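Asks: Next up, start-v8.cif (mmCIF, C-alpha atoms).
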data_upload
loop_
_atom_site.label_atom_id
_atom_site.label_comp_id
_atom_site.auth_asym_id
_atom_site.auth_seq_id
_atom_site.Cartn_x
_atom_site.Cartn_y
_atom_site.Cartn_z
CA MET A 40 -23.52 7.29 -18.28
CA SER A 41 -22.64 5.39 -15.10
CA GLU A 42 -21.79 7.06 -11.84
CA ASP A 43 -18.19 5.90 -12.18
CA ASP A 44 -17.96 7.51 -15.62
CA GLU A 45 -19.49 10.70 -14.33
CA TYR A 46 -16.81 11.23 -11.73
CA GLY A 47 -13.89 9.92 -13.80
CA THR A 48 -11.72 6.84 -13.47
CA ASP A 49 -8.46 7.98 -15.09
CA ALA A 50 -5.51 9.30 -13.10
CA VAL A 51 -5.32 12.96 -14.15
CA ASP A 52 -3.98 16.22 -12.82
CA SER A 53 -5.64 19.37 -14.07
CA GLY A 54 -3.34 22.03 -15.43
CA GLY A 55 -3.28 24.20 -12.34
CA GLY A 56 -3.05 21.31 -9.94
CA ALA A 57 -6.43 22.32 -8.46
CA GLU A 58 -7.84 18.80 -8.77
CA ARG A 59 -6.41 15.31 -9.10
CA THR A 60 -8.33 12.15 -9.86
CA PHE A 61 -6.91 8.75 -8.96
CA ALA A 62 -8.05 5.55 -10.65
CA PRO A 63 -9.57 2.89 -8.37
CA LEU A 64 -6.92 1.06 -6.38
CA PRO A 65 -6.84 -2.73 -6.22
CA PRO A 66 -7.82 -4.29 -2.88
CA PRO A 67 -4.95 -4.34 -0.35
CA PRO A 68 -4.92 -7.93 0.96
CA GLY A 69 -2.47 -8.74 3.69
CA ARG A 70 -1.59 -5.19 4.71
CA GLY A 71 -3.01 -2.23 6.54
CA PHE A 72 -4.41 0.80 4.79
CA ALA A 73 -1.60 3.10 5.93
CA THR A 74 2.09 2.43 6.50
CA SER A 75 3.38 6.00 6.81
CA TRP A 76 3.04 7.91 10.05
CA TRP A 77 1.04 10.67 8.34
CA GLY A 78 -1.30 8.12 6.73
CA ARG A 79 -1.91 6.58 10.16
CA ALA A 80 -2.52 10.06 11.60
CA TRP A 81 -5.20 10.57 8.93
CA LEU A 82 -6.92 7.33 9.94
CA GLN A 83 -6.59 8.23 13.61
CA ALA A 84 -8.50 11.46 12.92
CA LEU A 85 -11.20 9.42 11.16
CA GLU A 86 -11.51 6.89 13.98
CA ASP A 87 -11.52 9.62 16.64
CA THR A 88 -14.26 11.51 14.77
CA ALA A 89 -16.68 8.69 13.93
CA LEU A 90 -19.28 7.93 16.58
CA ASP A 91 -20.03 4.37 15.45
CA GLY A 92 -17.07 2.01 15.17
CA GLN A 93 -19.23 -0.64 13.49
CA GLN A 94 -19.83 1.71 10.55
CA LEU A 95 -16.08 2.15 10.14
CA LYS A 96 -15.55 -1.59 10.27
CA LYS A 97 -18.04 -2.00 7.41
CA GLY A 98 -16.30 0.81 5.52
CA ARG A 99 -12.92 -0.84 5.99
CA ARG A 100 -14.35 -4.04 4.55
CA LEU A 101 -15.87 -2.20 1.57
CA ALA A 102 -12.50 -0.59 0.83
CA ARG A 103 -10.69 -3.92 1.16
CA GLU A 104 -13.17 -5.53 -1.25
CA GLY A 105 -12.56 -2.86 -3.90
CA GLY A 106 -15.82 -0.96 -3.45
CA VAL A 107 -14.26 2.50 -3.80
CA GLY A 108 -14.25 3.95 -7.31
CA ALA A 109 -12.07 6.72 -8.70
CA VAL A 110 -11.10 9.25 -6.00
CA SER A 111 -11.21 12.97 -6.82
CA VAL A 112 -9.09 15.24 -4.61
CA ARG A 113 -9.46 19.02 -4.68
CA PRO A 114 -9.07 21.81 -2.12
CA GLY A 115 -11.30 21.09 0.84
CA ARG A 116 -12.97 17.95 -0.52
CA ILE A 117 -12.45 14.33 -1.58
CA THR A 118 -15.11 12.51 -3.59
CA ALA A 119 -15.73 8.98 -4.81
CA VAL A 120 -18.55 6.63 -5.73
CA VAL A 121 -18.58 3.79 -3.19
CA ARG A 122 -20.50 0.62 -3.94
CA ASP A 123 -22.16 -1.63 -1.38
CA ARG A 124 -21.80 -5.39 -1.63
CA ASP A 125 -25.05 -5.53 -3.63
CA GLY A 126 -23.63 -3.09 -6.21
CA THR A 127 -25.60 -0.02 -5.08
CA GLY A 128 -23.47 3.10 -5.61
CA HIS A 129 -23.41 6.17 -3.35
CA ARG A 130 -21.54 9.42 -3.94
CA SER A 131 -19.55 10.05 -0.80
CA ASP A 132 -17.60 13.21 0.07
CA VAL A 133 -15.30 14.05 2.96
CA LEU A 134 -14.58 17.72 3.66
CA LEU A 135 -11.45 19.18 5.23
CA GLN A 136 -11.09 22.90 5.88
CA GLU A 137 -8.73 24.74 3.54
CA LEU A 138 -5.94 26.92 4.89
CA GLY A 139 -6.39 30.65 4.40
CA ASP A 140 -3.96 32.87 2.52
CA GLU A 141 -2.35 34.13 5.73
CA ALA A 142 -1.80 30.56 6.95
CA TRP A 143 -0.21 29.63 3.63
CA ASP A 144 2.06 32.68 3.83
CA ARG A 145 3.29 31.55 7.24
CA PHE A 146 3.77 27.99 5.98
CA LEU A 147 5.72 29.10 2.90
CA ASP A 148 7.95 31.41 4.94
CA MET A 149 8.69 28.55 7.32
CA ALA A 150 9.39 26.15 4.44
CA VAL A 151 11.84 28.55 2.80
CA GLU A 152 13.73 28.87 6.09
CA ARG A 153 13.92 25.07 6.39
CA ALA A 154 14.45 23.89 2.83
CA GLY A 155 15.09 20.30 3.93
CA HIS A 156 11.36 19.93 4.52
CA ILE A 157 10.64 20.59 0.85
CA ALA A 158 13.40 18.23 -0.25
CA ALA A 159 11.71 15.48 1.79
CA LEU A 160 8.32 16.27 0.24
CA LEU A 161 9.83 15.97 -3.22
CA ASP A 162 10.93 12.47 -2.17
CA ARG A 163 7.29 11.86 -1.19
CA GLU A 164 8.13 11.90 2.51
CA MET A 165 6.63 14.07 5.23
CA GLU A 166 9.02 14.66 8.10
CA PRO A 167 7.50 14.97 11.58
CA HIS A 168 9.47 18.21 12.01
CA LEU A 169 7.58 19.70 9.06
CA VAL A 170 4.26 19.23 10.86
CA GLU A 171 5.76 20.47 14.14
CA ASP A 172 7.32 23.55 12.54
CA ALA A 173 4.10 24.30 10.67
CA ALA A 174 2.16 24.03 13.93
CA GLY A 175 4.68 26.42 15.49
CA ALA A 176 3.75 28.87 12.72
CA GLY A 177 0.06 28.43 13.54
CA VAL A 178 -0.70 26.05 10.66
CA ASP A 179 -2.28 22.64 11.28
CA LEU A 180 -1.58 20.34 8.33
CA LEU A 181 -2.92 17.03 9.59
CA PRO A 182 -6.60 16.72 10.51
CA GLY A 183 -7.69 16.30 14.10
CA ILE A 184 -10.86 15.20 15.89
CA GLY A 185 -13.92 16.44 14.01
CA ASP A 186 -11.96 17.81 11.03
CA LEU A 187 -13.06 15.12 8.55
CA GLU A 188 -16.69 16.04 7.80
CA PRO A 189 -18.70 13.42 5.85
CA GLU A 190 -21.40 13.89 3.20
CA CYS A 191 -23.05 10.90 1.56
CA THR A 192 -26.09 10.25 -0.61
CA CYS A 193 -27.04 7.35 1.68
CA GLY A 194 -28.39 9.99 4.07
CA THR A 195 -26.30 9.17 7.15
CA TRP A 196 -25.25 12.32 8.99
CA ASP A 197 -22.23 10.72 10.72
CA HIS A 198 -19.46 8.75 9.06
CA CYS A 199 -21.13 5.87 7.21
CA PRO A 200 -19.48 2.82 5.63
CA HIS A 201 -19.14 4.77 2.35
CA SER A 202 -17.30 7.80 3.77
CA GLY A 203 -15.25 5.47 5.95
CA ALA A 204 -14.23 3.38 2.92
CA LEU A 205 -13.29 6.58 1.08
CA CYS A 206 -11.07 7.72 3.97
CA TYR A 207 -9.35 4.35 4.19
CA GLN A 208 -8.61 4.51 0.46
CA VAL A 209 -7.30 8.08 0.73
CA ALA A 210 -4.89 6.92 3.46
CA ARG A 211 -3.24 4.74 0.80
CA LEU A 212 -2.96 7.73 -1.53
CA LEU A 213 -1.37 9.79 1.25
CA ASP A 214 1.16 7.01 1.83
CA GLU A 215 2.35 7.37 -1.74
CA ASP A 216 2.18 11.17 -2.02
CA PRO A 217 1.85 13.61 0.93
CA PHE A 218 1.19 16.40 -1.60
CA VAL A 219 -2.36 14.97 -1.66
CA LEU A 220 -2.80 16.36 1.87
CA LEU A 221 -1.45 19.77 0.85
CA LEU A 222 -3.86 19.83 -2.11
CA LEU A 223 -6.72 19.11 0.29
CA ARG A 224 -5.53 22.05 2.39
CA GLY A 225 -5.65 24.30 -0.67
CA ARG A 226 -2.39 24.17 -2.65
CA GLY A 227 -1.54 21.83 -5.53
CA GLU A 228 2.04 20.62 -5.92
CA ARG A 229 2.94 22.79 -8.93
CA ARG A 230 1.57 25.99 -7.42
CA LEU A 231 3.26 25.28 -4.11
CA LEU A 232 6.65 24.69 -5.73
CA ASP A 233 6.29 27.80 -7.90
CA GLU A 234 5.60 29.95 -4.84
CA LEU A 235 8.53 28.41 -2.99
CA GLN A 236 10.80 29.09 -5.96
CA VAL A 237 9.86 32.79 -5.96
CA ARG A 238 10.42 33.14 -2.22
CA SER A 239 13.69 31.20 -2.29
CA ALA A 240 15.04 33.36 -5.11
CA ALA A 241 14.04 36.57 -3.33
CA ARG A 242 15.64 35.35 -0.11
CA ALA A 243 18.88 34.48 -1.92
CA VAL A 244 19.01 37.96 -3.50
CA ARG A 245 18.47 39.64 -0.14
CA GLY A 246 21.21 37.53 1.39
CA ALA A 247 23.64 38.36 -1.42
CA GLN A 248 22.94 42.09 -1.04
CA GLY A 249 23.28 42.00 2.71
CA ASP A 250 19.63 42.96 3.20
CA GLY A 251 18.46 39.66 4.61
CA PRO A 252 18.61 38.32 8.13
CA GLU A 253 21.55 36.03 7.35
CA GLU A 254 24.89 36.82 8.95
CA THR A 255 28.00 36.41 6.80
CA ASP A 256 31.65 36.18 7.77
CA GLY A 257 32.73 38.70 5.09
CA GLU A 258 34.44 36.05 2.96
CA GLY A 259 32.07 36.30 -0.02
CA TYR A 260 28.59 35.68 -1.25
CA GLY A 261 26.71 32.49 -1.92
CA VAL A 262 23.57 30.49 -1.34
CA PRO A 263 23.28 28.09 1.61
CA ALA A 264 23.60 24.46 0.59
CA ASP A 265 20.14 23.48 1.82
CA GLU A 266 18.55 26.20 -0.35
CA ALA A 267 20.54 25.12 -3.38
CA PHE A 268 19.45 21.52 -2.82
CA ALA A 269 15.79 22.49 -2.49
CA ALA A 270 16.02 24.63 -5.64
CA GLY A 271 16.89 21.50 -7.60
CA SER A 272 13.17 21.03 -8.22
CA ILE A 273 13.16 24.01 -10.60
CA LEU A 274 15.94 22.69 -12.84
CA PRO A 275 15.02 21.15 -16.20
CA PRO A 276 13.84 17.55 -15.81
CA LEU A 277 16.12 14.66 -16.63
CA PRO A 278 15.64 13.01 -20.03
CA VAL A 279 12.89 10.44 -20.17
CA PRO A 280 14.41 6.97 -19.68
CA PRO A 281 14.02 4.50 -22.53
CA PRO A 282 10.80 2.48 -22.34
CA VAL A 283 10.83 -0.79 -20.46
CA PRO A 284 10.47 -3.79 -22.78
CA GLU A 285 6.98 -5.24 -22.71
CA GLU A 286 8.36 -8.74 -22.12
CA PRO A 287 11.57 -10.25 -20.74
CA GLY A 288 14.29 -10.96 -23.27
CA LEU A 289 14.76 -14.41 -24.73
CA PRO A 290 17.70 -16.34 -23.26
CA PRO A 291 20.30 -17.75 -25.68
CA SER A 292 19.74 -21.22 -27.06
CA LEU A 293 22.18 -23.85 -25.85
CA ASP A 294 21.31 -26.30 -28.63
CA THR A 295 24.72 -26.41 -30.31
CA GLU A 296 26.76 -29.04 -32.11
CA ALA A 297 29.25 -29.22 -29.26
CA GLY A 298 28.29 -31.50 -26.41
CA PRO A 299 27.84 -30.08 -22.91
CA PRO A 300 30.58 -30.38 -20.30
CA SER A 301 30.27 -33.15 -17.78
CA GLY A 302 27.66 -32.43 -15.11
CA ILE A 303 25.88 -29.68 -17.11
CA ASP A 304 22.27 -30.16 -18.21
CA PRO A 305 21.62 -27.68 -21.07
CA ALA A 306 17.82 -27.90 -20.73
CA ALA A 307 17.98 -27.11 -17.02
CA LEU A 308 20.43 -24.28 -17.69
CA GLU A 309 18.02 -22.78 -20.24
CA VAL A 310 15.28 -22.83 -17.59
CA LEU A 311 17.57 -20.96 -15.18
CA ALA A 312 18.46 -18.40 -17.86
CA ALA A 313 14.78 -17.80 -18.69
CA ASP A 314 14.02 -17.40 -14.98
CA SER A 315 16.84 -14.85 -14.64
CA ALA A 316 15.44 -12.82 -17.56
CA VAL A 317 11.97 -12.77 -16.00
CA ARG A 318 13.35 -11.72 -12.61
CA ALA A 319 15.49 -8.97 -14.16
CA HIS A 320 12.46 -7.60 -16.03
CA ARG A 321 10.39 -7.65 -12.85
CA MET A 322 13.12 -5.95 -10.83
CA LEU A 323 13.36 -3.19 -13.44
CA LEU A 324 9.60 -2.56 -13.28
CA GLU A 325 9.72 -2.47 -9.48
CA ALA A 326 12.70 -0.08 -9.47
CA LEU A 327 10.80 2.37 -11.68
CA ALA A 328 7.59 2.20 -9.63
CA PRO A 329 6.74 5.23 -7.42
CA GLY A 330 7.99 4.88 -3.85
CA HIS A 331 10.37 2.03 -4.64
CA GLY A 332 13.15 3.63 -2.59
CA ARG A 333 11.03 3.45 0.56
CA HIS A 334 10.48 -0.29 0.33
CA PRO A 335 12.73 -2.53 2.43
CA VAL A 336 15.22 -4.76 0.66
CA PRO A 337 13.69 -8.26 0.50
CA ALA A 338 15.42 -10.98 2.47
CA GLU A 339 17.54 -13.45 0.54
CA LEU A 340 15.72 -16.71 -0.17
CA THR A 341 16.95 -20.09 0.99
CA PRO A 342 17.57 -22.69 -1.76
CA GLU A 343 14.38 -24.48 -0.69
CA GLN A 344 12.30 -21.29 -0.91
CA ASP A 345 13.85 -20.36 -4.25
CA ALA A 346 12.94 -23.75 -5.68
CA VAL A 347 9.28 -23.11 -4.77
CA ARG A 348 9.49 -19.61 -6.27
CA MET A 349 10.82 -21.00 -9.55
CA ALA A 350 8.06 -23.60 -9.69
CA ALA A 351 5.48 -20.85 -9.09
CA ASP A 352 6.94 -18.46 -11.67
CA ALA A 353 8.00 -20.81 -14.45
CA ARG A 354 5.16 -23.37 -14.53
CA PRO A 355 7.82 -25.92 -15.56
CA GLU A 356 7.60 -29.18 -17.43
CA PRO A 357 7.04 -32.26 -15.21
CA TRP A 358 10.69 -33.33 -15.30
CA ILE A 359 11.79 -29.86 -14.15
CA ALA A 360 9.02 -29.78 -11.54
CA LYS A 361 10.34 -33.05 -10.14
CA ARG A 362 13.83 -31.57 -9.74
CA LEU A 363 12.39 -28.41 -8.16
CA ALA A 364 10.40 -30.53 -5.72
CA GLU A 365 13.62 -32.27 -4.71
CA GLY A 366 15.31 -28.88 -4.33
CA SER A 367 12.46 -27.63 -2.15
CA GLY A 368 12.77 -30.63 0.15
CA ARG A 369 9.17 -31.72 -0.56
CA PRO A 370 7.54 -34.75 -2.14
CA ARG A 371 6.31 -34.04 -5.66
CA ALA A 372 2.68 -34.34 -4.49
CA GLU A 373 3.17 -31.54 -1.96
CA LEU A 374 4.82 -29.06 -4.31
CA GLY A 375 1.45 -27.86 -5.64
CA ALA A 376 0.34 -26.61 -2.22
CA ALA A 377 3.67 -24.83 -1.74
CA VAL A 378 3.34 -23.18 -5.16
CA SER A 379 -0.17 -21.98 -4.29
CA ALA A 380 1.10 -20.57 -0.99
CA TRP A 381 3.91 -18.72 -2.77
CA ARG A 382 1.53 -17.14 -5.26
CA TYR A 383 -0.71 -15.93 -2.45
CA GLY A 384 1.99 -14.45 -0.22
CA GLY A 385 5.58 -15.46 -0.92
CA VAL A 386 7.83 -16.35 2.01
CA ALA A 387 5.23 -15.43 4.64
CA ALA A 388 2.59 -17.69 3.10
CA LEU A 389 5.10 -20.53 2.75
CA ALA A 390 5.91 -20.29 6.46
CA VAL A 391 2.19 -20.52 7.32
CA LEU A 392 1.90 -23.66 5.19
CA ASP A 393 4.89 -25.36 6.80
CA GLU A 394 4.90 -24.18 10.41
CA GLU A 395 2.74 -25.09 13.35
CA TRP A 396 3.26 -22.74 16.25
CA ASP A 397 1.76 -22.20 19.68
CA PRO A 398 0.76 -18.54 20.18
CA ASP A 399 1.74 -17.08 23.53
CA ALA A 400 -0.96 -15.77 25.85
CA ASP A 401 -0.91 -12.23 24.43
CA SER A 402 -1.01 -13.39 20.78
CA LEU A 403 -3.82 -15.81 21.55
CA ALA A 404 -5.81 -13.11 23.33
CA ARG A 405 -5.44 -10.77 20.35
CA ALA A 406 -6.54 -13.51 17.96
CA ARG A 407 -9.61 -14.32 20.03
CA ALA A 408 -10.50 -10.65 20.30
CA ARG A 409 -10.36 -10.27 16.50
CA LEU A 410 -12.55 -13.35 16.06
CA ALA A 411 -15.07 -12.02 18.56
CA VAL A 412 -15.74 -8.82 16.58
CA ALA A 413 -15.21 -10.03 13.00
CA TRP A 414 -18.79 -11.14 12.36
CA GLU A 415 -22.15 -9.51 12.92
CA GLU A 416 -24.24 -10.97 15.70
CA GLY A 417 -25.46 -14.45 14.78
CA GLU A 418 -23.25 -14.76 11.68
CA ARG A 419 -20.09 -16.21 13.21
CA PRO A 420 -19.49 -19.87 12.29
CA GLN A 421 -18.60 -22.46 14.89
CA LEU A 422 -14.79 -22.74 15.05
CA ARG A 423 -12.61 -25.47 16.55
CA ALA A 424 -9.24 -24.18 17.72
CA ALA A 425 -6.00 -26.14 17.58
CA ARG A 426 -2.78 -24.22 18.20
CA ALA A 427 -2.85 -21.28 15.72
CA ARG A 428 -5.50 -22.82 13.50
CA TRP A 429 -9.27 -22.47 13.63
CA THR A 430 -11.32 -24.99 11.61
CA VAL A 431 -14.99 -24.42 10.76
CA ALA A 432 -17.10 -27.19 12.24
CA GLY A 433 -18.74 -29.28 9.55
CA ALA A 434 -16.83 -27.66 6.70
CA ASP A 435 -13.47 -28.24 5.06
CA VAL A 436 -12.28 -24.66 5.56
CA GLN A 437 -9.80 -23.30 8.06
CA LEU A 438 -8.15 -20.08 9.26
CA ARG A 439 -4.47 -19.98 10.14
CA TYR A 440 -3.12 -17.16 12.31
CA ASP A 441 0.46 -16.08 11.62
CA ARG A 442 3.04 -14.47 13.87
CA ASP A 443 2.29 -11.01 12.41
CA GLY A 444 -1.40 -11.16 13.35
CA ARG A 445 -2.77 -11.94 9.87
CA TRP A 446 -5.31 -14.60 8.88
CA TRP A 447 -4.75 -17.04 6.03
CA PRO A 448 -7.62 -19.10 4.51
CA TYR A 449 -7.18 -22.82 3.86
CA ARG A 450 -9.38 -25.52 2.40
CA LYS A 451 -9.06 -29.30 2.54
CA GLU A 452 -8.74 -30.97 -0.86
CA ARG A 453 -8.12 -34.68 -1.32
CA GLY A 454 -7.25 -35.03 2.35
CA ARG A 455 -4.70 -32.16 2.39
CA TRP A 456 -5.01 -28.61 3.70
CA VAL A 457 -4.09 -26.24 0.87
CA PRO A 458 -3.94 -22.42 0.69
CA ALA A 459 -7.18 -20.84 -0.55
CA GLY A 460 -6.38 -17.13 -0.67
CA PRO A 461 -4.13 -14.28 0.47
CA ALA A 462 -3.82 -13.07 4.04
CA ASP A 463 -6.28 -10.60 5.53
CA ASP A 464 -6.29 -8.57 8.74
CA ASP A 465 -9.99 -9.46 9.11
CA PRO A 466 -10.71 -13.15 9.81
CA ALA A 467 -14.24 -12.87 8.34
CA SER A 468 -12.91 -11.58 5.01
CA ALA A 469 -10.22 -14.27 4.97
CA LEU A 470 -12.76 -17.01 5.63
CA ALA A 471 -15.02 -15.63 2.87
CA GLY A 472 -12.05 -16.00 0.54
CA ALA A 473 -11.62 -19.63 1.56
CA SER A 474 -15.26 -20.31 0.80
CA ALA A 475 -15.23 -18.53 -2.58
CA GLY A 476 -11.71 -19.15 -3.92
CA GLY A 477 -9.70 -22.15 -4.89
CA ALA A 478 -6.30 -23.49 -4.09
CA GLY A 479 -4.78 -22.00 -7.21
CA GLU A 480 -2.79 -23.79 -9.82
CA GLY A 481 -0.15 -26.23 -8.73
#
Would you write the structure of this file as structure tokens?
Replies:
Amino acid sequence: MSEDDEYGTDAVDSGGGAERTFAPLPPPPGRGFATSWWGRAWLQALEDTALDGQQLKKGRRLAREGGVGAVSVRPGRITAVVRDRDGTGHRSDVLLQELGDEAWDRFLDMAVERAGHIAALLDREMEPHLVEDAAGAGVDLLPGIGDLEPECTCGTWDHCPHSGALCYQVARLLDEDPFVLLLLRGRGERRLLDELQVRSAARAVRGAQGDGPEETDGEGYGVPADEAFAAGSILPPLPVPPPVPEEPGLPPSLDTEAGPPSGIDPAALEVLAADSAVRAHRMLLEALAPGHGRHPVPAELTPEQDAVRMAADARPEPWIAKRLAEGSGRPRAELGAAVSAWRYGGVAALAVLDEEWDPDADSLARARARLAVAWEEGERPQLRAARARWTVAGADVQLRYDRDGRWWPYRKERGRWVPAGPADDDPASALAGASAGGAGEG
């Protein structure tokens, strides 16, 4: 039995909610490890606790390269097998002190008084006021300096790359579900909601009988709207929606006996219909994914960008590809590079391919600072800078720095610079992708 098998790789939730195991997450290219404020607070506690920033940098790289296996979360402890670049696995644990029964009583009393906090949690959001109100009740939910205690079979007493990688991965789990933090503090989601239901019901009875602290105007009984809203979690669940089709539907055939109207190309119209079916299927899958409501609405594409998207999605016949190249405003020979860019990063990657920009002094200073610390001593290649592009001397590989501070790998093929991988916050990781990957299909 492998170490990964021993600790589990399936996403499960034990019956009492006392332990949850999350399957390994794919690497997160082109984005940070935490986007929520509470996920960033978790990472801040890690970075404030660790004594050696270089160890955390190595851990961040391990997490970005997919070195963290299944993550087990239970009260007071998170566990995972983390693999080094050479494949060596280490069991790594990070401990966080559980809240005592008295602290949980204070938290639950506070939550019942402010039911909007629980409604936000059910939407997988953690309001800052929840943490502030909990602190006012003497309960610290988020970890602080020294609260994340590491244990690792590699033998390091401080945070090592393995415990650091585990914490960076857990920040992504917290982004999706703040109940993970509450489980670490000692209460699983189901138990917490059950206890809140009991307290809410008791509070409503006291209020109706005039025994509670609420003041009424003598015009009748009732339950405050915020309590009724929070109690929605105890209602029977909605029916399970019908399953999503495994594949997009087939568009209608336009091969009929009647000739097409003037100016209409049936073959091109069939391509557009097939593309619409694929996009509708994808949009449905995205709408049903956890956390979809928190994602920003994507910007509308220009006709030129949409032509590149269609070429990337449809893998069209040459005659269609020629028309899409014309629609994208590019020569046919340059459409392949644009398609590769789109597949690596959509609109942002397309802008990096097309634009040459001069970073201002602050942006250039940040870029140079990242380059200075990205490699271990003696490992950094010689780079020639030109505007926002750094080319490796003696090699046909290049880094491009975008306006959001990300690095995109490029490689020269047949005299053209073509995209070689997705963006990365770390220039060393991006350049490694340029050396190992290809330009993609065009």
Asks: Find the residue from A:Lys96, A:Arg124, A:Arg116, A:Arg242 that sits nearest to A:Pro189; use all atoms listed in the file when measuring.
Replies: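 The answer is A:Arg116, which sits nearest to A:Pro189.
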Asks: Where does the PyMOL selection byres ((chain A and resi 471) around 12) land in this file, that is, which residues does it pick, as a PDB file with C-alpha atoms, keeping the file's coordinate frame?
Replies:
ATOM      1  CA  ARG A 100     -14.350  -4.040   4.550  1.00  0.00           C
ATOM      2  CA  GLU A 104     -13.170  -5.530  -1.250  1.00  0.00           C
ATOM      3  CA  ALA A 413     -15.210 -10.030  13.000  1.00  0.00           C
ATOM      4  CA  TRP A 414     -18.790 -11.140  12.360  1.00  0.00           C
ATOM      5  CA  ARG A 419     -20.090 -16.210  13.210  1.00  0.00           C
ATOM      6  CA  PRO A 420     -19.490 -19.870  12.290  1.00  0.00           C
ATOM      7  CA  VAL A 431     -14.990 -24.420  10.760  1.00  0.00           C
ATOM      8  CA  VAL A 436     -12.280 -24.660   5.560  1.00  0.00           C
ATOM      9  CA  GLN A 437      -9.800 -23.300   8.060  1.00  0.00           C
ATOM     10  CA  LEU A 438      -8.150 -20.080   9.260  1.00  0.00           C
ATOM     11  CA  TRP A 446      -5.310 -14.600   8.880  1.00  0.00           C
ATOM     12  CA  TRP A 447      -4.750 -17.040   6.030  1.00  0.00           C
ATOM     13  CA  PRO A 448      -7.620 -19.100   4.510  1.00  0.00           C
ATOM     14  CA  TYR A 449      -7.180 -22.820   3.860  1.00  0.00           C
ATOM     15  CA  ARG A 450      -9.380 -25.520   2.400  1.00  0.00           C
ATOM     16  CA  ALA A 459      -7.180 -20.840  -0.550  1.00  0.00           C
ATOM     17  CA  GLY A 460      -6.380 -17.130  -0.670  1.00  0.00           C
ATOM     18  CA  PRO A 461      -4.130 -14.280   0.470  1.00  0.00           C
ATOM     19  CA  ALA A 462      -3.820 -13.070   4.040  1.00  0.00           C
ATOM     20  CA  ASP A 463      -6.280 -10.600   5.530  1.00  0.00           C
ATOM     21  CA  ASP A 465      -9.990  -9.460   9.110  1.00  0.00           C
ATOM     22  CA  PRO A 466     -10.710 -13.150   9.810  1.00  0.00           C
ATOM     23  CA  ALA A 467     -14.240 -12.870   8.340  1.00  0.00           C
ATOM     24  CA  SER A 468     -12.910 -11.580   5.010  1.00  0.00           C
ATOM     25  CA  ALA A 469     -10.220 -14.270   4.970  1.00  0.00           C
ATOM     26  CA  LEU A 470     -12.760 -17.010   5.630  1.00  0.00           C
ATOM     27  CA  GLY A 472     -12.050 -16.000   0.540  1.00  0.00           C
ATOM     28  CA  ALA A 473     -11.620 -19.630   1.560  1.00  0.00           C
ATOM     29  CA  SER A 474     -15.260 -20.310   0.800  1.00  0.00           C
ATOM     30  CA  ALA A 475     -15.230 -18.530  -2.580  1.00  0.00           C
ATOM     31  CA  GLY A 476     -11.710 -19.150  -3.920  1.00  0.00           C
ATOM     32  CA  GLY A 477      -9.700 -22.150  -4.890  1.00  0.00           C
TER      33      GLY A 477
END
Asks: Can you list, as a list of chain:residue names, the residues that the PyMOL selection byres ((chain A and resi 119) around 9) selects here?
Replies: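 Checked against the file, the PyMOL selection byres ((chain A and resi 119) around 9) matches A:Asp43, A:Tyr46, A:Val107, A:Gly108, A:Ala109, A:Val110, A:Ser111, A:Ile117, A:Thr118, A:Val120, A:Val121, A:His129, A:Arg130, A:Ser131, A:Asp132, A:His201, A:Ser202, A:Leu205.
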Asks: Please indicate the distance in Å from atom CA of A:Arg113 to atom CA of A:Ala57, rounded to one decimal place.
Replies: 5.9 Å
Asks: Could you produce a table of the residues of stretch 140-246 of chain A lying within 12 Å of stretch 325-346 of chain A, with the nearest pair of atoms per residue and their separation in Å rounded to one decimal, using all atoms listed in the file, ordered by chain and increasing residue number, as JSON lines?
Replies:
{"residue": "A:Leu161", "atom": "CA", "partner": "A:Gly330", "partner_atom": "CA", "distance": 11.3}
{"residue": "A:Asp162", "atom": "CA", "partner": "A:Gly330", "partner_atom": "CA", "distance": 8.3}
{"residue": "A:Arg163", "atom": "CA", "partner": "A:Gly330", "partner_atom": "CA", "distance": 7.5}
{"residue": "A:Glu164", "atom": "CA", "partner": "A:Arg333", "partner_atom": "CA", "distance": 9.1}
{"residue": "A:Leu212", "atom": "CA", "partner": "A:Gly330", "partner_atom": "CA", "distance": 11.6}
{"residue": "A:Leu213", "atom": "CA", "partner": "A:Gly330", "partner_atom": "CA", "distance": 11.7}
{"residue": "A:Asp214", "atom": "CA", "partner": "A:Gly330", "partner_atom": "CA", "distance": 9.1}
{"residue": "A:Glu215", "atom": "CA", "partner": "A:Gly330", "partner_atom": "CA", "distance": 6.5}
{"residue": "A:Asp216", "atom": "CA", "partner": "A:Gly330", "partner_atom": "CA", "distance": 8.8}
{"residue": "A:Pro217", "atom": "CA", "partner": "A:Gly330", "partner_atom": "CA", "distance": 11.7}
Asks: Which residue out of A:Leu220, A:Ala313, A:Ala174, A:Ile184 has the minimum interatomic distance to A:Trp77 when only C-alpha atoms are used?
Replies: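 Smallest distance to A:Trp77 is found for A:Leu220.
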Asks: Hey, which of A:His168, A:His198, A:Arg79, A:Arg318 ends up closest to A:Arg211? Count only C-alpha atoms.
Replies: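 Of the candidates, the smallest distance to A:Arg211 is held by A:Arg79.
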Asks: Atom CA of A:Gly227 and atom CA of A:Glu58, how far apart in Å?
Replies: 7.7 Å
Asks: To one decimal in Å, tell me the separation between atom CA of A:Arg224 and atom CA of A:Pro114.
Replies: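 Distance reported for this atom pair: 5.7 Å.
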Asks: Got a sec to resolve the PyMOL selection byres ((chain A and resi 93) around 12) on this structure and send the residues as a list of chain:residue names?
Replies: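 That expression, the PyMOL selection byres ((chain A and resi 93) around 12), corresponds here to A:Glu86, A:Ala89, A:Leu90, A:Asp91, A:Gly92, A:Gln94, A:Leu95, A:Lys96, A:Lys97, A:Gly98, A:Arg99, A:Arg100, A:His198, A:Cys199, A:Pro200, A:Gly203, A:Val412, A:Ala413, A:Trp414, A:Glu415, A:Glu416.
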